[in-house]
Structures are given as structure tokens and as C-alpha cells.
>>> print(open('final_22.txt').read())   # compact mmCIF, C-alpha atoms
# COMPACT_ATOMS: atom_id res chain seq x y z
CA SER A 1 -14.10 15.37 4.18
CA GLY A 2 -14.48 17.00 7.57
CA MET A 3 -11.57 15.11 9.09
CA ARG A 4 -9.01 17.13 11.03
CA GLU A 5 -6.20 15.72 8.87
CA SER A 6 -7.81 17.08 5.69
CA SER A 7 -7.62 20.70 6.83
CA GLY A 8 -4.50 20.70 9.00
CA THR A 9 -0.89 21.11 7.96
CA THR A 10 0.48 18.71 10.56
CA LEU A 11 0.00 14.98 10.86
CA SER A 12 0.67 13.49 14.27
CA ILE A 13 1.96 9.92 14.33
CA SER A 14 2.32 8.72 17.90
CA GLN A 15 3.05 5.08 17.06
CA THR A 16 6.71 5.74 16.21
CA SER A 17 9.48 8.32 16.17
CA TYR A 18 10.36 10.58 13.26
CA PRO A 19 13.55 8.69 12.25
CA ILE A 20 11.66 5.40 12.13
CA PHE A 21 8.71 6.78 10.20
CA SER A 22 11.08 8.55 7.82
CA SER A 23 12.91 5.26 7.24
CA LEU A 24 9.60 3.50 6.63
CA LEU A 25 8.62 6.11 4.02
CA GLU A 26 12.06 5.86 2.44
CA TYR A 27 11.55 2.13 2.04
CA ILE A 28 7.99 2.49 0.72
CA TYR A 29 9.06 5.02 -1.92
CA THR A 30 12.37 3.41 -2.97
CA GLY A 31 12.11 -0.26 -2.03
CA ASP A 32 15.30 0.02 0.02
CA LEU A 33 17.06 1.95 2.77
CA PHE A 34 19.81 4.35 1.79
CA PRO A 35 23.27 3.50 3.20
CA GLU A 36 23.27 6.80 5.12
CA THR A 37 20.03 5.81 6.82
CA SER A 38 21.28 2.32 7.59
CA LYS A 39 24.39 3.68 9.29
CA THR A 40 22.62 6.28 11.43
CA LEU A 41 19.87 4.13 12.96
CA THR A 42 20.63 2.82 16.43
CA VAL A 43 19.92 -0.77 17.49
CA GLU A 44 16.84 0.48 19.37
CA GLU A 45 15.62 2.31 16.27
CA LEU A 46 16.24 -0.75 14.10
CA LEU A 47 14.20 -2.82 16.56
CA ASP A 48 11.39 -0.27 16.31
CA LEU A 49 11.66 -0.34 12.51
CA ILE A 50 11.51 -4.13 12.31
CA SER A 51 8.45 -4.11 14.56
CA LEU A 52 6.75 -1.52 12.34
CA ALA A 53 7.73 -3.42 9.18
CA HIS A 54 6.28 -6.58 10.70
CA THR A 55 3.06 -4.72 11.62
CA TYR A 56 2.60 -3.55 8.02
CA ASN A 57 3.72 -6.90 6.56
CA LEU A 58 6.72 -5.45 4.70
CA ALA A 59 8.71 -8.67 4.41
CA LYS A 60 11.63 -7.19 2.47
CA LEU A 61 12.04 -4.39 5.02
CA VAL A 62 11.99 -7.01 7.79
CA ARG A 63 14.84 -8.85 6.01
CA ILE A 64 16.83 -5.65 5.47
CA THR A 65 16.44 -4.72 9.11
CA GLU A 66 17.38 -8.23 10.25
CA PHE A 67 20.57 -7.97 8.20
CA LEU A 68 21.41 -4.58 9.74
CA LEU A 69 20.75 -5.91 13.25
CA HIS A 70 22.94 -8.94 12.54
CA GLN A 71 25.81 -6.58 11.67
CA ARG A 72 25.43 -4.72 14.96
CA ILE A 73 24.92 -7.56 17.39
CA ASP A 74 27.19 -7.28 20.41
CA GLY A 75 27.17 -8.00 24.12
CA GLU A 76 24.90 -5.04 24.83
CA SER A 77 22.34 -5.56 22.08
CA VAL A 78 22.06 -9.36 22.03
CA THR A 79 19.34 -9.48 24.71
CA GLN A 80 17.20 -6.81 23.04
CA ILE A 81 17.48 -8.50 19.66
CA TYR A 82 16.71 -11.91 21.17
CA GLN A 83 13.61 -10.58 22.93
CA MET A 84 12.34 -8.91 19.76
CA SER A 85 12.87 -12.10 17.75
CA HIS A 86 10.58 -13.96 20.14
CA LEU A 87 7.92 -11.24 20.02
CA LEU A 88 7.85 -11.27 16.23
CA GLY A 89 8.07 -15.02 15.94
>>> encode(input="final_22.txt", output="C-alpha cells")
Amino acid sequence: SGMRESSGTTLSISQTSYPIFSSLLEYIYTGDLFPETSKTLTVEELLDLISLAHTYNLAKLVRITEFLLHQRIDGESVTQIYQMSHLLG
């Protein structure tokens, strides 16, 4: 097709980090996040994931991520989570 992506072996995705994109693909292919994935993502990564899920209108992934964030809310993360909730509406 003449596009760089069609002949290259590497795809560059600058919108997000590898762990977040990997989690997004995991969800797209399985309809869920594996428990190992859920445990390893940081609050910051979960906030990135919920933003990406919202961007691509993946309502179930938004709910899963909300649940995971709810489990991890503490004095340090409450402000970040609050700010993200207002950005996403």
C-alpha cells in the first residue's frame, strides 16, 4: 500500500506506553484483564488506561479500570483519581 507501516517490522505508538497498550490489546482480545495484569499496573498506568479506554469508547474496560482504581485509592492517589474523573466526565 506504500505506507511505511506496511513494509516495516516496527510500529511506533506514541500515544501511550507499552504496558498500557499491551493491557488494551489484552482486553480487546479477551474481553477482560488478567489478574496478573491488574496487579502490576500502577495507579498512574490505570489512569492512562482508563483515559485510553474512554477515547476508544470501551465502556467495559472503563468499568474494570474504575473498579481497580477504587481498590487502590489512598491519600496519595485520591487527587489524581479525582482530577481524572472530572476530565472524563
>>> closest_residue(input="final_22.txt", among="A:Leu88, A:Ile20, A:Ile28, A:Ile50", to="A:Phe67", atoms="only C-alpha atoms")
A:Ile50
>>> axis_aligned_box(input="final_22.txt", around="stretch 13-20 of chain A", padding_each_side="6 Å", output="lines of an AutoDock Vina configuration file")
center_x = 7.8
center_y = 7.8
center_z = 15.0
size_x = 23.6
size_y = 17.5
size_z = 17.8
>>> closest_residue(input="final_22.txt", among="A:Phe21, A:Leu58, A:Lys39, A:Met84", to="A:Gln71", atoms="only C-alpha atoms")
A:Lys39
>>> atom_distance(input="final_22.txt", atom1="atom CA of A:Thr30", atom2="atom CA of A:Leu87")
27.6 Å
>>> closest_residue(input="final_22.txt", among="A:Thr9, A:Ser51, A:Ser14, A:Asn57", to="A:Ile81", atoms="only C-alpha atoms")
A:Ser51
